[in-house]
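Q: Next up, model_13.json (JSON, C-alpha atoms).
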[["chain", "number", "residue", "atom", "x", "y", "z"],
["A", 14, "MET", "CA", 116.36, 102.58, 118.00],
["A", 15, "THR", "CA", 115.76, 104.28, 121.36],
["A", 16, "ILE", "CA", 113.18, 107.01, 121.71],
["A", 17, "ALA", "CA", 113.30, 109.54, 124.56],
["A", 18, "ILE", "CA", 110.15, 111.48, 125.38],
["A", 19, "LEU", "CA", 110.91, 114.65, 127.33],
["A", 20, "GLY", "CA", 107.89, 115.87, 129.26],
["A", 21, "LEU", "CA", 105.19, 113.72, 130.81],
["A", 22, "GLY", "CA", 102.15, 115.91, 130.39],
["A", 23, "ASN", "CA", 99.14, 114.70, 128.43],
["A", 24, "MET", "CA", 100.93, 114.62, 125.09],
["A", 25, "GLY", "CA", 104.09, 112.96, 126.39],
["A", 26, "LYS", "CA", 102.26, 110.30, 128.39],
["A", 27, "GLY", "CA", 99.81, 109.69, 125.58],
["A", 28, "LEU", "CA", 102.56, 109.07, 123.03],
["A", 29, "ALA", "CA", 104.52, 106.98, 125.53],
["A", 30, "LYS", "CA", 101.53, 104.71, 126.09],
["A", 31, "ARG", "CA", 101.15, 104.21, 122.34],
["A", 32, "LEU", "CA", 104.86, 103.32, 121.97],
["A", 33, "ALA", "CA", 105.31, 101.22, 125.11],
["A", 34, "GLY", "CA", 106.35, 97.66, 124.26],
["A", 35, "LYS", "CA", 106.92, 98.53, 120.57],
["A", 36, "THR", "CA", 110.34, 100.18, 120.81],
["A", 37, "ASP", "CA", 113.11, 100.95, 123.29],
["A", 38, "LEU", "CA", 111.66, 103.83, 125.29],
["A", 39, "VAL", "CA", 113.10, 106.16, 127.90],
["A", 40, "LEU", "CA", 111.18, 108.96, 129.60],
["A", 41, "GLY", "CA", 112.64, 112.31, 130.55],
["A", 42, "ALA", "CA", 111.25, 114.38, 133.42],
["A", 43, "ARG", "CA", 112.37, 117.45, 135.33],
["A", 44, "ASP", "CA", 111.76, 115.47, 138.54],
["A", 45, "ALA", "CA", 112.44, 111.82, 137.71],
["A", 46, "ALA", "CA", 111.51, 110.60, 141.20],
["A", 47, "LYS", "CA", 108.12, 112.32, 141.03],
["A", 48, "ASP", "CA", 107.26, 110.58, 137.74],
["A", 49, "ALA", "CA", 108.72, 107.17, 138.58],
["A", 50, "ALA", "CA", 105.22, 105.66, 138.76],
["A", 51, "VAL", "CA", 104.61, 106.56, 135.11],
["A", 52, "GLY", "CA", 107.77, 104.73, 134.13],
["A", 53, "LYS", "CA", 106.77, 101.70, 136.16],
["A", 54, "GLU", "CA", 103.35, 101.62, 134.48],
["A", 55, "LEU", "CA", 104.92, 101.75, 131.01],
["A", 56, "GLY", "CA", 107.98, 99.62, 131.69],
["A", 57, "ALA", "CA", 110.35, 102.45, 130.78],
["A", 58, "PRO", "CA", 113.04, 104.17, 132.86],
["A", 59, "VAL", "CA", 112.44, 107.76, 133.94],
["A", 60, "LEU", "CA", 115.55, 109.94, 133.92],
["A", 61, "GLY", "CA", 116.39, 113.61, 133.93],
["A", 62, "PHE", "CA", 116.30, 115.33, 130.57],
["A", 63, "ALA", "CA", 120.04, 115.09, 129.93],
["A", 64, "GLY", "CA", 120.19, 111.44, 130.93],
["A", 65, "ALA", "CA", 117.27, 110.54, 128.67],
["A", 66, "VAL", "CA", 118.80, 112.40, 125.72],
["A", 67, "ALA", "CA", 122.13, 110.61, 126.16],
["A", 68, "LYS", "CA", 120.44, 107.23, 125.65],
["A", 69, "ALA", "CA", 118.28, 108.22, 122.69],
["A", 70, "ASP", "CA", 118.43, 108.24, 118.91],
["A", 71, "ILE", "CA", 115.14, 110.15, 118.63],
["A", 72, "VAL", "CA", 114.24, 112.83, 121.17],
["A", 73, "VAL", "CA", 110.61, 113.92, 121.37],
["A", 74, "LEU", "CA", 110.13, 117.37, 122.90],
["A", 75, "ALA", "CA", 106.66, 116.87, 124.41],
["A", 76, "LEU", "CA", 106.84, 120.33, 125.93],
["A", 77, "PRO", "CA", 105.23, 123.74, 125.43],
["A", 78, "PHE", "CA", 107.13, 125.81, 122.88],
["A", 79, "GLY", "CA", 108.99, 127.99, 125.40],
["A", 80, "ALA", "CA", 110.17, 124.98, 127.40],
["A", 81, "ALA", "CA", 111.05, 123.08, 124.21],
["A", 82, "LEU", "CA", 113.16, 125.99, 122.99],
["A", 83, "GLU", "CA", 114.98, 126.22, 126.31],
["A", 84, "ALA", "CA", 115.62, 122.46, 126.26],
["A", 85, "ALA", "CA", 117.01, 122.73, 122.73],
["A", 86, "LYS", "CA", 119.43, 125.40, 123.91],
["A", 87, "ALA", "CA", 120.48, 123.58, 127.08],
["A", 88, "LEU", "CA", 120.78, 119.93, 125.99],
["A", 89, "ASP", "CA", 123.36, 118.20, 123.81],
["A", 90, "LEU", "CA", 121.21, 117.24, 120.85],
["A", 91, "ALA", "CA", 123.99, 116.99, 118.27],
["A", 92, "GLY", "CA", 123.30, 114.15, 115.84],
["A", 93, "LYS", "CA", 119.89, 113.42, 117.36],
["A", 94, "VAL", "CA", 116.58, 113.34, 115.53],
["A", 95, "VAL", "CA", 114.46, 115.85, 117.46],
["A", 96, "VAL", "CA", 110.66, 115.85, 117.23],
["A", 97, "ASP", "CA", 108.95, 119.17, 117.93],
["A", 98, "MET", "CA", 105.29, 118.70, 118.90],
["A", 99, "SER", "CA", 104.64, 122.27, 119.97],
["A", 100, "ASN", "CA", 102.40, 125.08, 118.79],
["A", 101, "PRO", "CA", 103.67, 128.55, 119.80],
["A", 102, "VAL", "CA", 100.33, 129.71, 121.20],
["A", 103, "LYS", "CA", 99.74, 132.93, 123.08],
["A", 104, "PRO", "CA", 99.11, 132.56, 126.83],
["A", 105, "ASP", "CA", 95.37, 133.11, 126.33],
["A", 106, "TYR", "CA", 95.22, 130.72, 123.35],
["A", 107, "SER", "CA", 93.84, 133.49, 121.14],
["A", 108, "GLY", "CA", 96.35, 132.81, 118.40],
["A", 109, "LEU", "CA", 100.00, 132.11, 117.61],
["A", 110, "ALA", "CA", 102.77, 134.19, 119.14],
["A", 111, "ILE", "CA", 104.96, 133.66, 116.07],
["A", 112, "GLY", "CA", 104.32, 132.51, 112.55],
["A", 113, "PHE", "CA", 104.50, 132.78, 108.76],
["A", 114, "ASP", "CA", 108.05, 134.19, 108.59],
["A", 115, "THR", "CA", 109.35, 131.67, 111.14],
["A", 116, "SER", "CA", 108.02, 128.79, 113.23],
["A", 117, "ALA", "CA", 108.59, 127.00, 116.51],
["A", 118, "ALA", "CA", 110.32, 124.16, 114.66],
["A", 119, "GLU", "CA", 112.70, 126.51, 112.88],
["A", 120, "GLN", "CA", 113.59, 128.30, 116.10],
["A", 121, "ILE", "CA", 114.28, 124.96, 117.79],
["A", 122, "GLN", "CA", 116.43, 123.94, 114.81],
["A", 123, "ALA", "CA", 118.39, 127.20, 115.11],
["A", 124, "ALA", "CA", 118.87, 126.58, 118.84],
["A", 125, "ALA", "CA", 120.20, 123.06, 118.17],
["A", 126, "PRO", "CA", 121.88, 123.41, 114.76],
["A", 127, "LYS", "CA", 123.54, 119.98, 114.86],
["A", 128, "ALA", "CA", 120.24, 118.19, 115.52],
["A", 129, "HIS", "CA", 117.77, 117.07, 112.86],
["A", 130, "VAL", "CA", 114.47, 118.68, 113.81],
["A", 131, "VAL", "CA", 111.20, 117.26, 112.50],
["A", 132, "LYS", "CA", 107.81, 118.84, 113.17],
["A", 133, "ALA", "CA", 105.21, 116.22, 114.09],
["A", 134, "PHE", "CA", 102.04, 115.67, 116.14],
["A", 135, "ASN", "CA", 101.26, 119.39, 116.54],
["A", 136, "THR", "CA", 97.78, 118.94, 115.02],
["A", 137, "VAL", "CA", 96.89, 115.94, 117.20],
["A", 138, "PHE", "CA", 94.96, 116.44, 120.43],
["A", 139, "ALA", "CA", 96.27, 114.42, 123.38],
["A", 140, "GLY", "CA", 92.94, 112.65, 123.73],
["A", 141, "LEU", "CA", 93.45, 110.84, 120.42],
["A", 142, "PHE", "CA", 96.28, 108.82, 121.97],
["A", 143, "ALA", "CA", 93.72, 107.22, 124.27],
["A", 144, "ALA", "CA", 91.47, 106.16, 121.40],
["A", 145, "PRO", "CA", 91.64, 102.60, 120.04],
["A", 146, "VAL", "CA", 94.47, 102.30, 117.54],
["A", 147, "GLY", "CA", 92.06, 101.22, 114.84],
["A", 148, "GLU", "CA", 90.28, 104.56, 115.10],
["A", 149, "THR", "CA", 93.45, 106.58, 114.50],
["A", 150, "ALA", "CA", 95.09, 104.48, 111.79],
["A", 151, "LYS", "CA", 94.02, 106.96, 109.10],
["A", 152, "VAL", "CA", 94.49, 110.11, 111.19],
["A", 153, "PRO", "CA", 97.35, 112.06, 109.56],
["A", 154, "VAL", "CA", 100.40, 113.27, 111.43],
["A", 155, "PHE", "CA", 102.06, 115.95, 109.32],
["A", 156, "LEU", "CA", 105.86, 115.91, 109.16],
["A", 157, "ALA", "CA", 108.23, 118.73, 108.20],
["A", 158, "GLY", "CA", 112.01, 118.41, 108.30],
["A", 159, "ASN", "CA", 115.13, 119.12, 106.28],
["A", 160, "ASP", "CA", 116.88, 115.77, 106.74],
["A", 161, "GLU", "CA", 115.37, 112.93, 104.70],
["A", 162, "ALA", "CA", 116.66, 110.18, 107.00],
["A", 163, "ALA", "CA", 115.31, 112.00, 110.07],
["A", 164, "VAL", "CA", 111.88, 112.42, 108.49],
["A", 165, "LYS", "CA", 111.88, 108.72, 107.58],
["A", 166, "ALA", "CA", 112.78, 107.78, 111.16],
["A", 167, "VAL", "CA", 109.97, 109.93, 112.56],
["A", 168, "ALA", "CA", 107.57, 108.45, 110.01],
["A", 169, "GLY", "CA", 108.40, 105.06, 111.48],
["A", 170, "LEU", "CA", 107.68, 106.38, 114.97],
["A", 171, "VAL", "CA", 104.33, 107.77, 113.79],
["A", 172, "GLY", "CA", 103.42, 104.39, 112.35],
["A", 173, "GLN", "CA", 104.36, 102.61, 115.58],
["A", 174, "ALA", "CA", 102.14, 105.07, 117.45],
["A", 175, "GLY", "CA", 99.18, 104.09, 115.29],
["A", 176, "PHE", "CA", 98.78, 107.09, 112.98],
["A", 177, "ALA", "CA", 99.16, 107.81, 109.25],
["A", 178, "VAL", "CA", 102.05, 109.84, 107.84],
["A", 179, "GLU", "CA", 101.73, 112.95, 105.68],
["A", 180, "THR", "CA", 105.04, 114.61, 104.70],
["A", 181, "THR", "CA", 104.98, 118.31, 103.85],
["A", 182, "GLY", "CA", 108.57, 119.21, 102.91],
["A", 183, "GLY", "CA", 111.36, 121.02, 104.73],
["A", 184, "VAL", "CA", 111.22, 122.36, 108.26],
["A", 185, "ASP", "CA", 109.99, 125.70, 106.92],
["A", 186, "ALA", "CA", 106.66, 123.94, 106.20],
["A", 187, "ALA", "CA", 106.08, 124.16, 109.96],
["A", 188, "ARG", "CA", 105.08, 127.77, 109.23],
["A", 189, "LEU", "CA", 101.98, 126.27, 107.64],
["A", 190, "LEU", "CA", 101.46, 123.36, 110.05],
["A", 191, "GLU", "CA", 101.44, 125.47, 113.20],
["A", 192, "PRO", "CA", 98.49, 127.62, 112.01],
["A", 193, "VAL", "CA", 96.68, 124.37, 111.19],
["A", 194, "GLY", "CA", 97.32, 123.29, 114.77],
["A", 195, "MET", "CA", 95.95, 126.62, 116.00],
["A", 196, "LEU", "CA", 92.85, 126.21, 113.83],
["A", 197, "ASN", "CA", 92.28, 122.76, 115.33],
["A", 198, "ILE", "CA", 92.55, 124.27, 118.82],
["A", 199, "ARG", "CA", 89.97, 126.89, 117.85],
["A", 200, "PHE", "CA", 87.60, 124.25, 116.50],
["A", 201, "GLY", "CA", 88.11, 122.05, 119.55],
["A", 202, "TYR", "CA", 87.82, 124.65, 122.29],
["A", 203, "GLY", "CA", 86.63, 127.98, 120.92],
["A", 204, "LEU", "CA", 83.89, 126.50, 118.74],
["A", 205, "GLY", "CA", 83.03, 123.65, 121.06],
["A", 206, "ARG", "CA", 83.72, 120.70, 118.78],
["A", 207, "GLY", "CA", 85.74, 118.87, 121.43],
["A", 208, "THR", "CA", 89.11, 117.20, 121.17],
["A", 209, "ALA", "CA", 88.19, 114.02, 119.29],
["A", 210, "ILE", "CA", 88.93, 115.81, 116.01],
["A", 211, "ASP", "CA", 91.88, 116.11, 113.65],
["A", 212, "PRO", "CA", 92.49, 117.93, 110.34],
["A", 213, "ALA", "CA", 92.79, 115.89, 107.16],
["A", 214, "TRP", "CA", 92.69, 116.39, 103.40],
["A", 215, "LEU", "CA", 90.43, 114.27, 101.22],
["A", 216, "LYS", "CA", 91.18, 113.39, 97.61],
["A", 217, "LEU", "CA", 88.02, 113.42, 95.56],
["A", 218, "ALA", "CA", 87.54, 111.18, 92.57],
["A", 219, "ALA", "CA", 88.63, 112.85, 89.32]]
Rewrite the structure from the file as structure tokens, please.

A:
Amino acid sequence: MTIAILGLGNMGKGLAKRLAGKTDLVLGARDAAKDAAVGKELGAPVLGFAGAVAKADIVVLALPFGAALEAAKALDLAGKVVVDMSNPVKPDYSGLAIGFDTSAAEQIQAAAPKAHVVKAFNTVFAGLFAAPVGETAKVPVFLAGNDEAAVKAVAGLVGQAGFAVETTGGVDAARLLEPVGMLNIRFGYGLGRGTAIDPAWLKLAA
């Protein structure tokens, strides 16, 4: 299975480093020549977005919500499993621009109706990708998607990346996950707890 990561910011590069050598990987960049060094470091080709998508089974949109939505509209994602990592934050990070009656993941699914969109990684700070894998093995990555096979495929990707899987239901569950992502951002930046944090639920003994 080939995974394309579109966007080589902190999230995209962090995930790519976790997956390098574990799966067939292709990187997508707006300027492939500019990011060629990243591909050389990771042993993965760097192509334009369309070229990366054409080679992939799973496409990770490691992009801000607005850019991810535009990519979903512009690219041929039919039949692809598409991972949405975004949180639709306001420009000043004071809150979410959309939520509760829709979500970033649902809007991306509507923009690419023949794709299988799965929400994932939106509650994970980029810095956690740089931590030792043993330290993140129990950190949950919450998944939301309508297609069972697509969710299972993304669960496999999450495991390869060194995280735990927590499924939450259909893609509409992203309406709940994106506020959790925003809360984590508030804890990390607004309340000064830093970015080595992640939300999790604990089951107490009965």

Q: Env of stretch 102-107 of chain A: 10 Å cut, atoms = all atoms listed in the file, seq-sep filter 6 positions within chain, self excluded. Answer as number ranges by chain.

A: A: 77-79, 117, 191-192, 194-195, 198-199, 202-203

Q: Emit as AutoDock Vina command-line options the padded axis-aligned box for all listed atoms of stretch 56-59 of chain A, 5 Å per side, with centre and edge lengths in Å to one decimal.

A:
--center_x 110.5 --center_y 103.7 --center_z 132.4 --size_x 15.1 --size_y 18.1 --size_z 13.2

Q: Residues at most 9 Å from stretch 74-76 of chain A, counting all atoms listed in the file, excluding those fewer than 2 positions away in the same chain, as a list in words?

A: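 Neighbouring residues, sequence-local ones excluded: Ala17, Ile18, Leu19, Gly20, Leu21, Gly22, Asn23, Met24, Gly25, Lys26, Leu28, Val72, Phe78, Gly79, Ala80, Ala81, Leu82, Ala84, Ala85, Val95, Val96, Asp97, Met98 and Ser99 of chain A.
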
Q: What lies within 12 Å of A:Ala166 using only C-alpha atoms, ignoring chain neighbours under 6 positions off, as a PyMOL selection string?

A: chain A and resi 14-16+70-72+93-96+129-131+133+156+158+160+172-173+178

Q: So what do you get for atom CA of A:Asp37 versus atom CA of A:Asn135, distance-wise?

A: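 Spanning atom CA of A:Asp37 to atom CA of A:Asn135 is a straight-line distance of 22.9 Å.
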
Q: Could you name the residues that touch stretch 207-219 of chain A at 12 Å or less, counting only C-alpha atoms, but leaving out those on the same chain fewer than 2 positions away, as number ranges by chain?

A: A: 134-145, 148-149, 151-155, 176-179, 190, 192-205

Q: One decimal, Å: what's the distance from atom CA of A:Gly92 over to atom CA of A:Ser116, could you say?

A: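 Between atom CA of A:Gly92 and atom CA of A:Ser116 the gap is 21.3 Å.
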
Q: Looking at A:Ala50, A:Ala57, A:Gly27, A:Val73, which one is nearest to A:Leu170, with distances taken over only C-alpha atoms?

A: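 Looking only at the distances to A:Leu170, the closest residue turns out to be A:Val73.
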
Q: Write out as an NGL selection string the residues lying within 10 Å of A:Leu189, counting all atoms listed in the file and excluding same-chain residues fewer than 6 positions away.

A: :A and (112-113 or 115-116 or 157 or 181)

Q: For each of A:Leu109, A:Ala150, A:Ala42, A:Val51, take the minimum atom-to-atom distance to A:Ala29, counting all atoms listed in the file, then give the residue where this is smallest.

A: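 Counting all atoms listed in the file, the residue closest to A:Ala29 is A:Val51.
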
Q: Atom CA of A:Ala69 and atom CA of A:Ile121 are how many Å apart?

A: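 Distance between the two atoms: 17.9 Å.
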
Q: Point out the residue among A:Val164, A:Ala187, A:Ala128, A:Leu40 with the least atom-to-atom distance to A:Ala65, counting all atoms listed in the file.

A: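 That would be A:Leu40, the residue with the smallest distance to A:Ala65.
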
Q: Please list, as a ChimeraX atom specification, the residues that have an atom at most 9 Å away from (122.3, 128.7, 125.7) in the coordinates of this file, counting only C-alpha atoms.

A: /A:83,85-88,124

Q: Pick the closest to A:Asn100 from A:Ala162, A:Gly61, A:Lys127, A:Lys132: which is it, counting all atoms listed in the file?

A: A:Lys132

Q: Kindly reconstruct stretch 47-69 of chain A with N, CA and C atoms and present the result as a PDB file, keeping the file's coordinate frame.

A:
ATOM      1  N   LYS A  47     109.543 112.008 140.973  1.00  0.00           N
ATOM      2  CA  LYS A  47     108.120 112.320 141.030  1.00  0.00           C
ATOM      3  C   LYS A  47     107.339 111.521 139.998  1.00  0.00           C
ATOM      4  N   ASP A  48     107.953 111.269 138.830  1.00  0.00           N
ATOM      5  CA  ASP A  48     107.260 110.580 137.740  1.00  0.00           C
ATOM      6  C   ASP A  48     107.658 109.121 137.609  1.00  0.00           C
ATOM      7  N   ALA A  49     108.274 108.567 138.636  1.00  0.00           N
ATOM      8  CA  ALA A  49     108.720 107.170 138.580  1.00  0.00           C
ATOM      9  C   ALA A  49     107.552 106.213 138.359  1.00  0.00           C
ATOM     10  N   ALA A  50     106.378 106.540 138.900  1.00  0.00           N
ATOM     11  CA  ALA A  50     105.220 105.660 138.760  1.00  0.00           C
ATOM     12  C   ALA A  50     104.792 105.531 137.298  1.00  0.00           C
ATOM     13  N   VAL A  51     104.956 106.618 136.534  1.00  0.00           N
ATOM     14  CA  VAL A  51     104.610 106.560 135.110  1.00  0.00           C
ATOM     15  C   VAL A  51     105.527 105.578 134.397  1.00  0.00           C
ATOM     16  N   GLY A  52     106.816 105.659 134.724  1.00  0.00           N
ATOM     17  CA  GLY A  52     107.770 104.730 134.130  1.00  0.00           C
ATOM     18  C   GLY A  52     107.473 103.288 134.491  1.00  0.00           C
ATOM     19  N   LYS A  53     107.096 103.058 135.721  1.00  0.00           N
ATOM     20  CA  LYS A  53     106.770 101.700 136.160  1.00  0.00           C
ATOM     21  C   LYS A  53     105.567 101.168 135.408  1.00  0.00           C
ATOM     22  N   GLU A  54     104.565 102.016 135.207  1.00  0.00           N
ATOM     23  CA  GLU A  54     103.350 101.620 134.480  1.00  0.00           C
ATOM     24  C   GLU A  54     103.682 101.228 133.040  1.00  0.00           C
ATOM     25  N   LEU A  55     104.614 101.957 132.424  1.00  0.00           N
ATOM     26  CA  LEU A  55     104.920 101.750 131.010  1.00  0.00           C
ATOM     27  C   LEU A  55     106.128 100.846 130.780  1.00  0.00           C
ATOM     28  N   GLY A  56     106.799 100.451 131.847  1.00  0.00           N
ATOM     29  CA  GLY A  56     107.980  99.620 131.690  1.00  0.00           C
ATOM     30  C   GLY A  56     109.152 100.342 131.064  1.00  0.00           C
ATOM     31  N   ALA A  57     109.279 101.635 131.355  1.00  0.00           N
ATOM     32  CA  ALA A  57     110.350 102.450 130.780  1.00  0.00           C
ATOM     33  C   ALA A  57     111.036 103.230 131.891  1.00  0.00           C
ATOM     34  N   PRO A  58     112.355 103.385 131.826  1.00  0.00           N
ATOM     35  CA  PRO A  58     113.040 104.170 132.860  1.00  0.00           C
ATOM     36  C   PRO A  58     112.697 105.648 132.751  1.00  0.00           C
ATOM     37  N   VAL A  59     112.663 106.318 133.882  1.00  0.00           N
ATOM     38  CA  VAL A  59     112.440 107.760 133.940  1.00  0.00           C
ATOM     39  C   VAL A  59     113.729 108.406 134.428  1.00  0.00           C
ATOM     40  N   LEU A  60     114.291 109.276 133.616  1.00  0.00           N
ATOM     41  CA  LEU A  60     115.550 109.940 133.920  1.00  0.00           C
ATOM     42  C   LEU A  60     115.361 111.450 133.819  1.00  0.00           C
ATOM     43  N   GLY A  61     116.380 112.184 134.219  1.00  0.00           N
ATOM     44  CA  GLY A  61     116.390 113.610 133.930  1.00  0.00           C
ATOM     45  C   GLY A  61     116.519 113.825 132.441  1.00  0.00           C
ATOM     46  N   PHE A  62     116.268 115.049 131.997  1.00  0.00           N
ATOM     47  CA  PHE A  62     116.300 115.330 130.570  1.00  0.00           C
ATOM     48  C   PHE A  62     117.632 114.936 129.930  1.00  0.00           C
ATOM     49  N   ALA A  63     118.731 115.356 130.526  1.00  0.00           N
ATOM     50  CA  ALA A  63     120.040 115.090 129.930  1.00  0.00           C
ATOM     51  C   ALA A  63     120.322 113.594 129.874  1.00  0.00           C
ATOM     52  N   GLY A  64     119.960 112.875 130.909  1.00  0.00           N
ATOM     53  CA  GLY A  64     120.190 111.440 130.930  1.00  0.00           C
ATOM     54  C   GLY A  64     119.365 110.711 129.884  1.00  0.00           C
ATOM     55  N   ALA A  65     118.127 111.150 129.689  1.00  0.00           N
ATOM     56  CA  ALA A  65     117.270 110.540 128.670  1.00  0.00           C
ATOM     57  C   ALA A  65     117.819 110.807 127.273  1.00  0.00           C
ATOM     58  N   VAL A  66     118.252 112.040 127.027  1.00  0.00           N
ATOM     59  CA  VAL A  66     118.800 112.400 125.720  1.00  0.00           C
ATOM     60  C   VAL A  66     120.036 111.564 125.394  1.00  0.00           C
ATOM     61  N   ALA A  67     120.876 111.351 126.386  1.00  0.00           N
ATOM     62  CA  ALA A  67     122.130 110.610 126.160  1.00  0.00           C
ATOM     63  C   ALA A  67     121.873 109.193 125.667  1.00  0.00           C
ATOM     64  N   LYS A  68     120.741 108.611 126.029  1.00  0.00           N
ATOM     65  CA  LYS A  68     120.440 107.230 125.650  1.00  0.00           C
ATOM     66  C   LYS A  68     119.671 107.118 124.333  1.00  0.00           C
ATOM     67  N   ALA A  69     119.260 108.246 123.767  1.00  0.00           N
ATOM     68  CA  ALA A  69     118.280 108.220 122.690  1.00  0.00           C
ATOM     69  C   ALA A  69     118.870 108.463 121.308  1.00  0.00           C
TER      70      ALA A  69
END
